[in-house]
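Below: one structure, written as structure tokens.
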Amino acid sequence: MPTNRVALITGANQGMGRHVAGELVSDGVAVFLGSRDLARGEAAAAEIGDGATALQLDVTDARSVTAAAERIEAEAGRLDLLVNNAAISSTRTGLTMAQLRATARPSTVSLDEVRAVWEVNVFGPLAVFQAVLPLLRASSDARVVNVTSAMGSLTTMGDPAFAFRRAFEPVYSASKTALNAVTLAMMVELEETGIKVNLVSPGFANTALVEFEGTETVGDASREVVRVARLGPDGPSGTFTSWEGVDIPW
């Protein structure tokens, strides 16, 4: 069993997931890079270097999730940190964010599109959490970090004065609201245990998730995810924050 911390990051072959993986590896953490496409995960792990291990993981595939958990158990025996990062904003490609929002209105949105995005953004994190929970229980300092979006805050988006209120829609935004609710349920269930759970809204990263229309570099946008992932055994649980430790209303 490794003596250093062991982490699993989903969606870690690119974007913020890959950046967080690199930061944690630099800390000496042994990081499993969850990637739906194993070859892309292996390429990312090779770029990061020693301490990074590619792991085939499709959060929407029960067999893949189970196999990933079994491999971590066989190679590490426990899991100290789970970062549920994998997410999509749409199944469509080649559209601007404005075009995507235009197709996501509640009155006309494709229910198949809603289901597909929620499968990744809501059911995926829950499936991975369930699969690795026995491994988290085997750790003396376990933490779950779920990566969400401030767009999922009902308090924020429900404020008529909020500048981006009209961007709230039932595909991506509401999937993050649902993830927030699932995370709260995790917090409630585990609050009497040693396993800590945190919810983080990163910055507006310039990644494929937002069709590269983001206003922040991947590094800047990832800072809060990295900060919370680095929290030690005395760090808080049950928080919903953005950079730097700023509370976000539910």
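A note on labels: chains of the structure tokens are A, B, ... as shown, every chain counts residues from 1, and ligands are counted from 1 in their shown order.
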So which residues of segment 113-204 of chain A fall under helix (DSSP H, G or I) by DSSP, listed as JSON, numbers by chain?
{"A": [113, 114, 115, 116, 117, 118, 119, 120, 121, 122, 123, 124, 125, 126, 127, 128, 129, 130, 131, 132, 133, 134, 135, 136, 137, 150, 151, 152, 154, 155, 156, 157, 165, 166, 167, 172, 173, 174, 175, 176, 177, 178, 179, 180, 181, 182, 183, 184, 185, 186, 187, 188, 189, 190]}
Selected residues written out with C-alpha atoms, as a JSON list (two decimals), in the first residue's frame:
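Here's the written file selection_39.json:
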```json
[["chain", "number", "residue", "atom", "x", "y", "z"],
["A", 113, "GLU", "CA", -30.18, 16.18, -24.41],
["A", 114, "VAL", "CA", -31.18, 16.83, -20.79],
["A", 115, "ARG", "CA", -30.86, 13.15, -19.95],
["A", 116, "ALA", "CA", -27.47, 12.82, -21.63],
["A", 117, "VAL", "CA", -25.95, 15.78, -19.78],
["A", 118, "TRP", "CA", -27.46, 14.78, -16.44],
["A", 119, "GLU", "CA", -26.13, 11.24, -16.93],
["A", 120, "VAL", "CA", -22.58, 12.63, -16.86],
["A", 121, "ASN", "CA", -22.98, 15.57, -14.48],
["A", 122, "VAL", "CA", -25.32, 14.12, -11.86],
["A", 123, "PHE", "CA", -25.53, 10.34, -12.02],
["A", 124, "GLY", "CA", -21.85, 9.97, -12.92],
["A", 125, "PRO", "CA", -20.46, 11.56, -9.74],
["A", 126, "LEU", "CA", -22.92, 9.58, -7.63],
["A", 127, "ALA", "CA", -21.98, 6.31, -9.34],
["A", 128, "VAL", "CA", -18.26, 6.93, -8.81],
["A", 129, "PHE", "CA", -18.84, 7.97, -5.19],
["A", 130, "GLN", "CA", -20.77, 4.77, -4.47],
["A", 131, "ALA", "CA", -18.13, 2.60, -6.12],
["A", 132, "VAL", "CA", -15.15, 4.07, -4.26],
["A", 133, "LEU", "CA", -16.79, 4.73, -0.89],
["A", 134, "PRO", "CA", -15.36, 1.50, 0.63],
["A", 135, "LEU", "CA", -11.90, 2.71, -0.44],
["A", 136, "LEU", "CA", -12.51, 6.14, 1.12],
["A", 137, "ARG", "CA", -13.59, 4.42, 4.33],
["A", 150, "ALA", "CA", -22.08, 28.87, -9.44],
["A", 151, "MET", "CA", -24.69, 28.59, -12.21],
["A", 152, "GLY", "CA", -26.23, 25.83, -10.11],
["A", 154, "LEU", "CA", -30.63, 28.60, -6.90],
["A", 155, "THR", "CA", -30.18, 31.55, -4.56],
["A", 156, "THR", "CA", -27.87, 33.28, -7.01],
["A", 157, "MET", "CA", -29.77, 32.45, -10.17],
["A", 165, "ARG", "CA", -29.87, 35.02, -14.52],
["A", 166, "ARG", "CA", -31.27, 34.47, -18.01],
["A", 167, "ALA", "CA", -28.51, 31.97, -18.74],
["A", 172, "TYR", "CA", -26.14, 22.24, -17.80],
["A", 173, "SER", "CA", -27.17, 24.79, -15.15],
["A", 174, "ALA", "CA", -29.89, 22.64, -13.60],
["A", 175, "SER", "CA", -27.62, 19.59, -13.74],
["A", 176, "LYS", "CA", -25.24, 21.46, -11.46],
["A", 177, "THR", "CA", -28.14, 22.37, -9.16],
["A", 178, "ALA", "CA", -28.91, 18.66, -8.97],
["A", 179, "LEU", "CA", -25.25, 17.85, -8.33],
["A", 180, "ASN", "CA", -25.30, 20.37, -5.49],
["A", 181, "ALA", "CA", -28.28, 18.56, -3.98],
["A", 182, "VAL", "CA", -26.60, 15.18, -4.36],
["A", 183, "THR", "CA", -23.47, 16.60, -2.73],
["A", 184, "LEU", "CA", -25.52, 17.92, 0.19],
["A", 185, "ALA", "CA", -26.95, 14.41, 0.62],
["A", 186, "MET", "CA", -23.40, 13.03, 0.72],
["A", 187, "MET", "CA", -22.45, 15.64, 3.31],
["A", 188, "VAL", "CA", -25.43, 14.75, 5.49],
["A", 189, "GLU", "CA", -24.79, 11.00, 5.31],
["A", 190, "LEU", "CA", -21.08, 11.30, 6.07]]
```
Would you give me, as a tab-separated table, each residue of segment 128-225 of chain A having an atom within 10 Å of an atom of segment 20-31 of chain A, along with its shortest atom pair and that distance in Å to one decimal, using only C-alpha atoms and sorting by chain and residue number?
```
residue	atom	partner	partner_atom	distance
A:Val218	CA	A:Val20	CA	9.4
A:Gly219	CA	A:Val20	CA	8.4
A:Ser222	CA	A:Val20	CA	6.8
A:Arg223	CA	A:Val20	CA	8.5
A:Glu224	CA	A:Val20	CA	10.0
A:Val225	CA	A:Val20	CA	7.3
```
Enumerate, in order of chain and increasing residue number, the residues of segment 43-98 of chain A with an atom no farther than 12 Å from segment 229-246 of chain A, each with its shortest atom pair and distance in Å to one decimal, counting only C-alpha atoms, as a Markdown table.
```
| residue | atom | partner | partner_atom | distance |
| --- | --- | --- | --- | --- |
| A:Asp80 | CA | A:Ala229 | CA | 10.2 |
| A:Leu81 | CA | A:Ala229 | CA | 7.4 |
| A:Leu82 | CA | A:Ala229 | CA | 8.7 |
| A:Val83 | CA | A:Ala229 | CA | 7.6 |
| A:Asn84 | CA | A:Ala229 | CA | 11.0 |
| A:Asn85 | CA | A:Ala229 | CA | 11.7 |
```
From a DSSP calculation on the backbone, collect every residue of segment 14-151 of chain A in strand (DSSP E or B) and output the set as a ChimeraX atom specification.
/A:30-35,52-56,81-84,143-147
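Closest approach to Pro170 of chain A among A:Ala104, A:Val144, A:Ile72, A:Leu199 is made by A:Ala104 (distances from only C-alpha atoms).
Taking only C-alpha atoms into account, Ser110 of chain A lies nearest to A:Val171 out of the set A:Val197, A:Val171, A:Ala44, A:Met16.
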State, in Å with one decimal place, the distance from atom CA of Glu216 of chain A to atom CA of Ala43 of chain A.
24.4 Å
Excluding same-chain residues fewer than 4 positions from Asp58 of chain A, what lies within 8 Å of it counting only C-alpha atoms, as a count of residues only?
5
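One distance worth recording is that between atom CA of Phe32 of chain A and atom CA of Ala68 of chain A, which is 9.4 Å.
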Smallest atom-to-atom distance to Arg18 of chain A: which of A:Ala54, A:Val200, A:Val6, A:Ala62, using only C-alpha atoms?
A:Ala54
